[in-house]
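Trainee: Structure: input14.cif, mmCIF, C-alpha atoms.
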data_work
#
loop_
_atom_site.label_atom_id
_atom_site.label_comp_id
_atom_site.auth_asym_id
_atom_site.auth_seq_id
_atom_site.Cartn_x
_atom_site.Cartn_y
_atom_site.Cartn_z
CA MET A 15 -20.38 -37.10 5.38
CA ARG A 16 -21.54 -34.01 3.54
CA GLU A 17 -19.57 -31.95 6.07
CA LEU A 18 -16.45 -34.05 5.55
CA LEU A 19 -16.68 -33.68 1.79
CA CYS A 20 -17.22 -29.94 2.00
CA ASN A 21 -14.37 -29.35 4.43
CA ALA A 22 -11.96 -31.29 2.23
CA GLY A 23 -13.33 -29.50 -0.83
CA VAL A 24 -12.82 -26.03 0.63
CA ALA A 25 -9.27 -26.94 1.71
CA MET A 26 -8.45 -28.18 -1.77
CA LEU A 27 -9.99 -25.18 -3.53
CA THR A 28 -8.11 -22.69 -1.35
CA GLU A 29 -4.90 -24.52 -2.22
CA ARG A 30 -5.32 -25.60 -5.84
CA GLY A 31 -8.28 -23.77 -7.31
CA PHE A 32 -11.17 -25.43 -9.15
CA SER A 33 -9.70 -26.74 -12.39
CA SER A 34 -6.84 -28.59 -10.72
CA SER A 35 -9.01 -30.05 -7.97
CA GLY A 36 -10.21 -33.53 -8.81
CA ILE A 37 -13.21 -35.14 -7.16
CA ASP A 38 -11.21 -38.37 -6.99
CA ALA A 39 -8.45 -36.71 -4.98
CA ILE A 40 -10.99 -35.29 -2.52
CA LEU A 41 -12.70 -38.67 -2.14
CA LYS A 42 -9.34 -40.28 -1.47
CA ILE A 43 -8.59 -37.79 1.32
CA VAL A 44 -11.90 -38.27 3.08
CA LYS A 45 -12.11 -42.00 2.19
CA VAL A 46 -15.57 -41.72 0.71
CA PRO A 47 -16.71 -43.86 -2.24
CA LYS A 48 -17.66 -42.07 -5.46
CA GLY A 49 -21.27 -43.23 -5.24
CA SER A 50 -21.72 -41.37 -1.96
CA PHE A 51 -20.41 -38.19 -3.50
CA TYR A 52 -23.01 -38.35 -6.26
CA HIS A 53 -25.64 -39.03 -3.64
CA TYR A 54 -24.97 -35.54 -2.26
CA PHE A 55 -23.96 -33.63 -5.38
CA ARG A 56 -25.05 -34.06 -8.96
CA SER A 57 -21.80 -32.72 -10.41
CA LYS A 58 -18.50 -31.03 -9.68
CA GLU A 59 -20.19 -27.74 -10.51
CA GLU A 60 -22.91 -28.29 -7.91
CA PHE A 61 -20.24 -29.23 -5.39
CA GLY A 62 -18.25 -26.10 -6.30
CA ALA A 63 -21.33 -23.94 -5.87
CA GLU A 64 -21.88 -25.26 -2.35
CA LEU A 65 -18.23 -24.76 -1.46
CA ILE A 66 -18.28 -21.14 -2.64
CA ASP A 67 -21.49 -20.64 -0.71
CA ARG A 68 -20.04 -22.03 2.51
CA TYR A 69 -16.81 -20.09 2.17
CA SER A 70 -18.69 -16.91 1.36
CA MET A 71 -20.92 -17.27 4.45
CA TYR A 72 -18.02 -18.24 6.68
CA PHE A 73 -16.17 -15.05 5.77
CA ALA A 74 -19.29 -12.92 5.97
CA HIS A 75 -19.65 -14.02 9.60
CA LYS A 76 -15.97 -13.49 10.28
CA LEU A 77 -16.17 -10.01 8.78
CA ASP A 78 -19.18 -9.19 10.92
CA ARG A 79 -17.40 -10.44 14.02
CA PHE A 80 -14.43 -8.17 13.36
CA LEU A 81 -15.98 -5.19 11.66
CA ALA A 82 -18.80 -4.74 14.16
CA ASP A 83 -16.67 -5.13 17.28
CA PRO A 84 -17.80 -2.28 19.54
CA GLY A 85 -14.60 -2.55 21.60
CA SER A 86 -12.40 -0.92 18.97
CA SER A 87 -12.59 1.93 16.49
CA PRO A 88 -13.78 1.17 12.93
CA LEU A 89 -10.30 1.36 11.39
CA GLN A 90 -8.84 -0.73 14.22
CA ARG A 91 -11.42 -3.35 13.31
CA VAL A 92 -10.23 -3.41 9.71
CA ALA A 93 -6.65 -3.82 10.97
CA ALA A 94 -7.78 -6.64 13.30
CA PHE A 95 -9.47 -8.45 10.41
CA CYS A 96 -6.25 -8.26 8.41
CA GLU A 97 -4.19 -9.56 11.34
CA ASP A 98 -6.57 -12.46 11.80
CA ALA A 99 -6.34 -13.31 8.10
CA GLU A 100 -2.57 -13.31 8.46
CA LYS A 101 -2.83 -15.79 11.32
CA GLY A 102 -5.08 -17.97 9.18
CA MET A 103 -2.59 -17.99 6.31
CA ARG A 104 0.33 -18.63 8.64
CA ARG A 105 -1.52 -21.60 10.17
CA HIS A 106 -1.44 -23.27 6.75
CA ASP A 107 2.13 -22.13 6.09
CA PHE A 108 0.87 -19.73 3.38
CA ARG A 109 -0.10 -22.65 1.16
CA ARG A 110 -3.77 -21.69 1.10
CA GLY A 111 -5.11 -18.50 -0.39
CA CYS A 112 -8.60 -17.09 -0.64
CA LEU A 113 -11.02 -19.46 -2.33
CA VAL A 114 -12.68 -16.53 -4.09
CA GLY A 115 -9.38 -15.11 -5.33
CA ASN A 116 -8.18 -18.52 -6.49
CA LEU A 117 -11.30 -19.27 -8.44
CA GLY A 118 -11.49 -15.69 -9.70
CA GLN A 119 -8.12 -16.25 -11.35
CA GLU A 120 -9.71 -19.17 -13.22
CA ALA A 121 -12.79 -17.20 -14.21
CA GLN A 122 -12.53 -18.11 -17.90
CA MET A 123 -12.51 -21.83 -17.18
CA LEU A 124 -15.34 -21.83 -14.65
CA PRO A 125 -19.02 -22.49 -15.31
CA ALA A 126 -20.70 -19.06 -15.65
CA ALA A 127 -22.86 -19.62 -12.56
CA LEU A 128 -19.78 -20.04 -10.37
CA SER A 129 -18.16 -16.85 -11.70
CA GLU A 130 -21.37 -15.03 -10.90
CA GLN A 131 -21.29 -16.45 -7.36
CA LEU A 132 -17.74 -15.17 -6.91
CA ARG A 133 -18.68 -11.68 -8.06
CA ALA A 134 -21.68 -11.64 -5.72
CA THR A 135 -19.50 -12.79 -2.82
CA LEU A 136 -16.99 -9.99 -3.32
CA GLU A 137 -19.82 -7.48 -3.51
CA ASP A 138 -21.28 -8.84 -0.29
CA TRP A 139 -17.91 -8.56 1.49
CA GLN A 140 -17.56 -5.06 0.13
CA ARG A 141 -20.91 -4.01 1.52
CA ARG A 142 -19.85 -5.24 4.96
CA MET A 143 -16.60 -3.32 4.69
CA GLN A 144 -18.49 -0.25 3.54
CA VAL A 145 -20.69 -0.25 6.64
CA CYS A 146 -17.54 -0.19 8.76
CA LEU A 147 -16.00 2.63 6.71
CA GLN A 148 -19.22 4.59 7.08
CA GLU A 149 -18.83 4.26 10.83
CA ALA A 150 -15.22 5.41 10.52
CA LYS A 151 -16.54 8.48 8.78
CA ALA A 152 -19.23 9.04 11.40
CA VAL A 153 -16.68 9.04 14.22
CA GLY A 154 -14.28 11.24 12.24
CA GLU A 155 -11.59 8.59 11.71
CA ILE A 156 -11.62 9.25 7.98
CA PRO A 157 -12.49 12.46 6.10
CA ALA A 158 -16.13 13.09 5.19
CA SER A 159 -15.06 13.30 1.53
CA VAL A 160 -14.10 9.60 1.34
CA ASP A 161 -16.33 7.62 -1.03
CA THR A 162 -16.78 4.54 1.16
CA GLN A 163 -18.17 2.42 -1.66
CA GLU A 164 -15.09 3.01 -3.78
CA TRP A 165 -12.71 2.48 -0.89
CA SER A 166 -14.34 -0.77 0.17
CA GLN A 167 -13.90 -2.03 -3.39
CA PHE A 168 -10.32 -0.72 -3.36
CA PHE A 169 -9.79 -2.75 -0.19
CA TRP A 170 -10.98 -6.02 -1.71
CA VAL A 171 -9.23 -5.50 -5.03
CA GLY A 172 -5.93 -4.90 -3.25
CA TRP A 173 -6.45 -7.45 -0.49
CA GLU A 174 -6.91 -10.30 -2.96
CA GLY A 175 -3.67 -9.15 -4.58
CA ALA A 176 -1.98 -9.18 -1.18
CA VAL A 177 -3.18 -12.72 -0.42
CA LEU A 178 -1.90 -13.88 -3.81
CA ARG A 179 1.49 -12.29 -3.17
CA ALA A 180 1.72 -13.65 0.39
CA ARG A 181 1.24 -17.16 -0.98
CA LEU A 182 3.89 -16.62 -3.63
CA GLU A 183 6.36 -15.28 -1.06
CA ARG A 184 5.14 -17.61 1.68
CA ARG A 185 5.25 -14.79 4.20
CA ALA A 186 2.98 -12.17 5.67
CA ASP A 187 4.79 -9.03 4.49
CA PRO A 188 2.49 -8.28 1.52
CA LEU A 189 -0.60 -8.53 3.78
CA ARG A 190 0.93 -6.17 6.32
CA LEU A 191 2.11 -3.71 3.72
CA PHE A 192 -1.28 -3.56 2.06
CA SER A 193 -3.18 -3.21 5.32
CA ARG A 194 -0.85 -0.48 6.62
CA LEU A 195 -0.80 1.65 3.46
CA PHE A 196 -4.53 1.19 2.86
CA LEU A 197 -5.32 2.45 6.36
CA ALA A 198 -2.83 5.30 6.12
CA SER A 199 -4.25 6.34 2.74
CA ILE A 200 -7.89 6.33 3.74
CA ARG A 201 -7.07 8.46 6.80
CA ALA A 202 -5.34 11.13 4.70
CA MET B 20 8.93 -22.73 -34.59
CA ARG B 21 10.30 -21.87 -31.14
CA GLU B 22 8.60 -18.46 -31.50
CA LEU B 23 5.30 -20.04 -32.46
CA LEU B 24 5.41 -22.38 -29.47
CA CYS B 25 6.30 -19.58 -27.07
CA ASN B 26 3.61 -17.23 -28.33
CA ALA B 27 0.95 -19.92 -27.99
CA GLY B 28 2.37 -20.86 -24.58
CA VAL B 29 2.21 -17.31 -23.24
CA ALA B 30 -1.34 -16.91 -24.52
CA MET B 31 -2.40 -20.13 -22.80
CA LEU B 32 -0.67 -19.30 -19.52
CA THR B 33 -2.24 -15.84 -19.32
CA GLU B 34 -5.63 -17.46 -19.86
CA ARG B 35 -5.44 -20.77 -17.96
CA GLY B 36 -2.36 -20.73 -15.74
CA PHE B 37 0.29 -23.43 -15.65
CA SER B 38 -1.42 -26.49 -14.14
CA SER B 39 -4.36 -26.42 -16.52
CA SER B 40 -2.25 -25.77 -19.62
CA GLY B 41 -1.40 -28.96 -21.45
CA ILE B 42 1.50 -29.25 -23.85
CA ASP B 43 -0.77 -31.30 -26.13
CA ALA B 44 -3.29 -28.48 -26.36
CA ILE B 45 -0.55 -25.99 -27.25
CA LEU B 46 0.87 -28.32 -29.90
CA LYS B 47 -2.58 -28.72 -31.38
CA ILE B 48 -3.03 -24.94 -31.67
CA VAL B 49 0.30 -24.36 -33.40
CA LYS B 50 0.14 -27.68 -35.33
CA VAL B 51 3.56 -28.81 -34.17
CA PRO B 52 4.40 -32.48 -33.55
CA LYS B 53 5.39 -33.50 -30.02
CA GLY B 54 8.89 -34.52 -31.08
CA SER B 55 9.63 -30.96 -32.20
CA PHE B 56 8.54 -29.60 -28.85
CA TYR B 57 11.02 -31.85 -27.06
CA HIS B 58 13.67 -30.77 -29.52
CA TYR B 59 13.36 -27.25 -28.11
CA PHE B 60 12.41 -27.91 -24.48
CA ARG B 61 13.32 -30.80 -22.22
CA SER B 62 10.16 -30.52 -20.13
CA LYS B 63 7.04 -28.52 -19.38
CA GLU B 64 8.99 -26.85 -16.57
CA GLU B 65 11.75 -25.71 -18.93
CA PHE B 66 9.10 -24.42 -21.33
CA GLY B 67 7.37 -22.62 -18.44
CA ALA B 68 10.66 -21.02 -17.38
CA GLU B 69 11.21 -19.61 -20.86
CA LEU B 70 7.63 -18.31 -21.02
CA ILE B 71 7.97 -16.51 -17.68
CA ASP B 72 11.28 -15.11 -18.86
CA ARG B 73 9.83 -13.78 -22.09
CA TYR B 74 6.78 -12.31 -20.40
CA SER B 75 8.93 -10.75 -17.70
CA MET B 76 11.21 -9.08 -20.27
CA TYR B 77 8.31 -7.99 -22.45
CA PHE B 78 6.73 -6.16 -19.53
CA ALA B 79 10.05 -4.76 -18.32
CA HIS B 80 10.43 -3.09 -21.73
CA LYS B 81 6.84 -1.92 -21.72
CA LEU B 82 7.30 -0.45 -18.24
CA ASP B 83 10.44 1.34 -19.34
CA ARG B 84 8.68 2.73 -22.37
CA PHE B 85 5.89 4.18 -20.25
CA LEU B 86 7.66 5.02 -17.01
CA ALA B 87 10.60 6.80 -18.61
CA ASP B 88 8.56 8.87 -21.08
CA PRO B 89 10.04 12.37 -20.81
CA GLY B 90 6.90 13.89 -22.38
CA SER B 91 4.76 13.46 -19.26
CA SER B 92 5.12 13.79 -15.50
CA PRO B 93 6.10 10.68 -13.49
CA LEU B 94 2.58 10.06 -12.12
CA GLN B 95 1.06 10.65 -15.56
CA ARG B 96 3.35 7.89 -16.80
CA VAL B 97 2.03 5.48 -14.18
CA ALA B 98 -1.51 6.38 -15.24
CA ALA B 99 -0.57 5.85 -18.91
CA PHE B 100 0.84 2.39 -18.13
CA CYS B 101 -2.43 1.45 -16.41
CA GLU B 102 -4.48 2.70 -19.36
CA ASP B 103 -2.35 0.72 -21.78
CA ALA B 104 -2.81 -2.41 -19.67
CA GLU B 105 -6.55 -1.83 -19.79
CA LYS B 106 -6.40 -1.67 -23.58
CA GLY B 107 -4.44 -4.92 -23.58
CA MET B 108 -7.03 -6.69 -21.44
CA ARG B 109 -9.90 -5.28 -23.47
CA ARG B 110 -8.29 -6.54 -26.69
CA HIS B 111 -8.65 -10.08 -25.36
CA ASP B 112 -12.11 -9.40 -23.97
CA PHE B 113 -10.74 -9.65 -20.40
CA ARG B 114 -10.10 -13.36 -20.82
CA ARG B 115 -6.38 -13.03 -20.26
CA GLY B 116 -4.81 -11.87 -17.03
CA CYS B 117 -1.22 -11.34 -16.00
CA LEU B 118 0.90 -14.43 -16.51
CA VAL B 119 2.76 -13.68 -13.27
CA GLY B 120 -0.44 -13.22 -11.28
CA ASN B 121 -1.98 -16.37 -12.74
CA LEU B 122 0.99 -18.53 -11.96
CA GLY B 123 1.46 -16.84 -8.59
CA GLN B 124 -2.00 -18.07 -7.66
CA GLU B 125 -0.77 -21.61 -8.36
CA ALA B 126 2.46 -21.12 -6.39
CA GLN B 127 1.97 -24.29 -4.32
CA MET B 128 1.63 -26.46 -7.40
CA LEU B 129 4.55 -24.99 -9.34
CA PRO B 130 8.14 -26.25 -9.45
CA ALA B 131 10.10 -24.17 -6.90
CA ALA B 132 12.32 -22.64 -9.60
CA LEU B 133 9.29 -21.17 -11.37
CA SER B 134 7.92 -19.63 -8.16
CA GLU B 135 11.31 -18.06 -7.61
CA GLN B 136 11.23 -16.65 -11.15
CA LEU B 137 7.83 -15.09 -10.47
CA ARG B 138 9.05 -13.45 -7.27
CA ALA B 139 12.12 -12.09 -9.06
CA THR B 140 9.94 -10.72 -11.87
CA LEU B 141 7.69 -8.82 -9.48
CA GLU B 142 10.73 -7.40 -7.73
CA ASP B 143 12.16 -6.29 -11.05
CA TRP B 144 8.90 -4.57 -12.03
CA GLN B 145 8.81 -2.95 -8.62
CA ARG B 146 12.30 -1.54 -9.03
CA ARG B 147 11.27 0.02 -12.32
CA MET B 148 8.20 1.53 -10.69
CA GLN B 149 10.30 2.79 -7.82
CA VAL B 150 12.61 4.72 -10.16
CA CYS B 151 9.56 6.51 -11.54
CA LEU B 152 8.19 7.25 -8.06
CA GLN B 153 11.61 8.65 -7.10
CA GLU B 154 11.33 11.01 -10.03
CA ALA B 155 7.83 11.97 -8.89
CA LYS B 156 9.36 12.85 -5.55
CA ALA B 157 12.19 14.82 -7.18
CA VAL B 158 9.74 16.99 -9.13
CA GLY B 159 7.48 17.43 -6.10
CA GLU B 160 4.55 15.40 -7.44
CA ILE B 161 4.50 13.30 -4.27
CA PRO B 162 5.60 14.24 -0.74
CA ALA B 163 9.24 13.75 0.23
CA SER B 164 8.06 11.49 3.07
CA VAL B 165 6.76 8.77 0.70
CA ASP B 166 8.71 5.51 0.99
CA THR B 167 8.96 4.76 -2.74
CA GLN B 168 10.05 1.16 -2.18
CA GLU B 169 6.94 0.40 -0.14
CA TRP B 170 4.67 2.23 -2.52
CA SER B 171 6.02 0.46 -5.57
CA GLN B 172 5.33 -2.86 -3.85
CA PHE B 173 1.89 -1.56 -2.85
CA PHE B 174 1.28 -0.80 -6.51
CA TRP B 175 2.13 -4.31 -7.70
CA VAL B 176 0.30 -6.05 -4.88
CA GLY B 177 -2.86 -4.11 -5.64
CA TRP B 178 -2.47 -4.09 -9.40
CA GLU B 179 -2.36 -7.89 -9.59
CA GLY B 180 -5.54 -7.90 -7.51
CA ALA B 181 -7.11 -5.42 -9.94
CA VAL B 182 -6.21 -7.56 -12.97
CA LEU B 183 -7.72 -10.60 -11.26
CA ARG B 184 -10.91 -8.72 -10.51
CA ALA B 185 -11.13 -7.23 -14.01
CA ARG B 186 -11.04 -10.75 -15.44
CA LEU B 187 -13.71 -11.93 -13.06
CA GLU B 188 -15.97 -8.98 -13.92
CA ARG B 189 -14.88 -8.88 -17.54
CA ARG B 190 -14.63 -5.11 -17.44
CA ALA B 191 -12.06 -2.42 -16.80
CA ASP B 192 -13.63 -0.80 -13.72
CA PRO B 193 -11.38 -2.50 -11.13
CA LEU B 194 -8.25 -1.41 -13.04
CA ARG B 195 -9.46 2.17 -13.23
CA LEU B 196 -10.51 2.27 -9.60
CA PHE B 197 -7.17 0.93 -8.41
CA SER B 198 -5.14 3.25 -10.61
CA ARG B 199 -7.15 6.32 -9.57
CA LEU B 200 -7.13 5.69 -5.83
CA PHE B 201 -3.50 4.62 -5.85
CA LEU B 202 -2.46 7.86 -7.54
CA ALA B 203 -4.68 9.99 -5.32
CA SER B 204 -3.29 8.27 -2.21
CA ILE B 205 0.35 8.62 -3.07
CA ARG B 206 -0.14 12.31 -3.78
CA ALA B 207 -1.69 12.96 -0.37
#
Represent the structure contained in this file as structure tokens.
Mentor:
Amino acid sequence: MRELLCNAGVAMLTERGFSSSGIDAILKIVKVPKGSFYHYFRSKEEFGAELIDRYSMYFAHKLDRFLADPGSSPLQRVAAFCEDAEKGMRRHDFRRGCLVGNLGQEAQMLPAALSEQLRATLEDWQRRMQVCLQEAKAVGEIPASVDTQEWSQFFWVGWEGAVLRARLERRADPLRLFSRLFLASIRA
Amino acid sequence: MRELLCNAGVAMLTERGFSSSGIDAILKIVKVPKGSFYHYFRSKEEFGAELIDRYSMYFAHKLDRFLADPGSSPLQRVAAFCEDAEKGMRRHDFRRGCLVGNLGQEAQMLPAALSEQLRATLEDWQRRMQVCLQEAKAVGEIPASVDTQEWSQFFWVGWEGAVLRARLERRADPLRLFSRLFLASIRA
């Protein structure tokens, strides 16, 4: 039941964001009575916190799976992550974005604790990216002068923009463009 | 009266997006009765269309002012535009983002005509950026091999991500990072 609620919640947040997502609408989708919801979660905020947490962990594992793949070079791994994200967006016909990007856009309307969770998530993803860029440096795929901390933040700043744009255009081109120019730039 | 409504509408959309912005809340801020609103606009969608239009034109003029400044080099003009945008965000304590980015994030909930307007706006801003990047190429500030169309899209994809992140962190660092690495990359 908790799983059902969370899956429906994540789907709704990636599509509509937090403010426009109503608990009632989620309960209707999963056919769960309101009382059961409040058995699991004290409030919409507590529910939101768990959804961010789950999404954050899910992507942390996905990142690790791609970015630590010993079968390809570090920059190839970054490219593979981007291609997989494209597949994910295509699967939902570009209707769903990144939960963190969506909610980030609503930062001023969110409870402060949730905004803090979003910031921490992006920093966590950045650290994972940075480890991969460090490896790229170690194997000589990128120049030794690259500041991997800055470039991993650059990646996530731009990538969230690319996901936003891909949703607006309902096609993968912005994701591909960002991935290609990011990789070309960091190599130079 | 129309001006008052539009100014309050733009402010609300840059802060809350479209779905979470209520006509009632806007009317309350500007102290205008509902009947007057419907004298000017047939619907929330028609109001939204005018707000996007105004915002789009406002930024087109701002871009022209910065990107066609004969007193500085083409890339310096891009940097100056970014610095001015930072000042704008700081003035509102990073509570307001880009109206186009905000509404883009809600693409799936917007009337189709508004999504189309947002796409057209970004393409218009990109064309203006491209003219400036062409000039940068002409004066040798960037290599002749740079595809200025791709790079102007890269700019807007990443810049919207930077504005989103700056709001989430309530500080200018993501804007500065993006601007700096973008300019360093296009030079290389």
Trainee: So which one's closest to chain B, A:Lys45, A:Arg190, A:Arg79, A:Arg105? Using only C-alpha atoms, please.
Mentor: A:Arg190
Trainee: Please write as a list in words the full residue list that the PyMOL selection byres ((chain A) within 6 of (chain B)) yields on this file.
Mentor: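 Evaluating the PyMOL selection byres ((chain A) within 6 of (chain B)) on this file yields Gly118, Gln119, Ala121, Val171, Gly172, Glu174, Gly175, Ala176, Leu178, Leu182 and Ser199 of chain A.
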Trainee: At what distance in Å, to one decimal, does CA of Ala126 in chain A lie from CA of Ser70 in chain A?
Mentor: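 These atoms are spaced 17.3 Å apart.
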Trainee: Carefully work through the PyMOL selection byres ((chain B and resi 23) around 10) for this structure and note down the residues it includes, as an NGL selection string.
Mentor: :B and (20-22 or 24-28 or 45-46 or 48-51)
Trainee: For a test of reading the model, state the distance in Å between CA of Ala93 in chain A and CA of Phe73 in chain A, rounded to one decimal.
Mentor: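 Value for the CA of Ala93 in chain A-CA of Phe73 in chain A distance: 15.6 Å.
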Trainee: Rounded to one decimal, what separation in Å do you get between CA of Pro93 in chain B and CA of Gly159 in chain B?
Mentor: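 Separation between CA of Pro93 in chain B and CA of Gly159 in chain B: 10.1 Å.
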Trainee: Do you know which residues are at most 7 Å from Gln144 in chain A counting all atoms listed in the file, after dropping those on the same chain fewer than 6 positions away, and could you put them as a list in words?
Mentor: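 Once the adjacent positions are removed, what remains is Thr162, Gln163 and Ser166 of chain A.
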Trainee: Using only C-alpha atoms, please write the residues we just selected to a file, as a tab-separated table (two decimals), in the frame of the given file.
Mentor:
chain	number	residue	atom	x	y	z
A	162	THR	CA	-16.78	4.54	1.16
A	163	GLN	CA	-18.17	2.42	-1.66
A	166	SER	CA	-14.34	-0.77	0.17
Trainee: Write out as a PDB file with C-alpha atoms, keeping the file's coordinate frame the residues lying within 10 Å of Glu69 in chain B, counting all atoms listed in the file and excluding same-chain residues fewer than 3 positions away.
Mentor:
ATOM      1  CA  CYS B  25       6.300 -19.580 -27.070  1.00  0.00           C
ATOM      2  CA  GLY B  28       2.370 -20.860 -24.580  1.00  0.00           C
ATOM      3  CA  VAL B  29       2.210 -17.310 -23.240  1.00  0.00           C
ATOM      4  CA  PHE B  60      12.410 -27.910 -24.480  1.00  0.00           C
ATOM      5  CA  LYS B  63       7.040 -28.520 -19.380  1.00  0.00           C
ATOM      6  CA  GLU B  64       8.990 -26.850 -16.570  1.00  0.00           C
ATOM      7  CA  GLU B  65      11.750 -25.710 -18.930  1.00  0.00           C
ATOM      8  CA  PHE B  66       9.100 -24.420 -21.330  1.00  0.00           C
ATOM      9  CA  ASP B  72      11.280 -15.110 -18.860  1.00  0.00           C
ATOM     10  CA  ARG B  73       9.830 -13.780 -22.090  1.00  0.00           C
ATOM     11  CA  TYR B  74       6.780 -12.310 -20.400  1.00  0.00           C
ATOM     12  CA  SER B  75       8.930 -10.750 -17.700  1.00  0.00           C
ATOM     13  CA  LEU B 133       9.290 -21.170 -11.370  1.00  0.00           C
TER      14      LEU B 133
END
Trainee: Selected by the PyMOL selection byres ((chain A and resi 94) around 12) in the shown coordinates: which residues, as a PyMOL selection string?
Mentor: chain A and resi 76-83+85-93+95-101+190+193-194+197
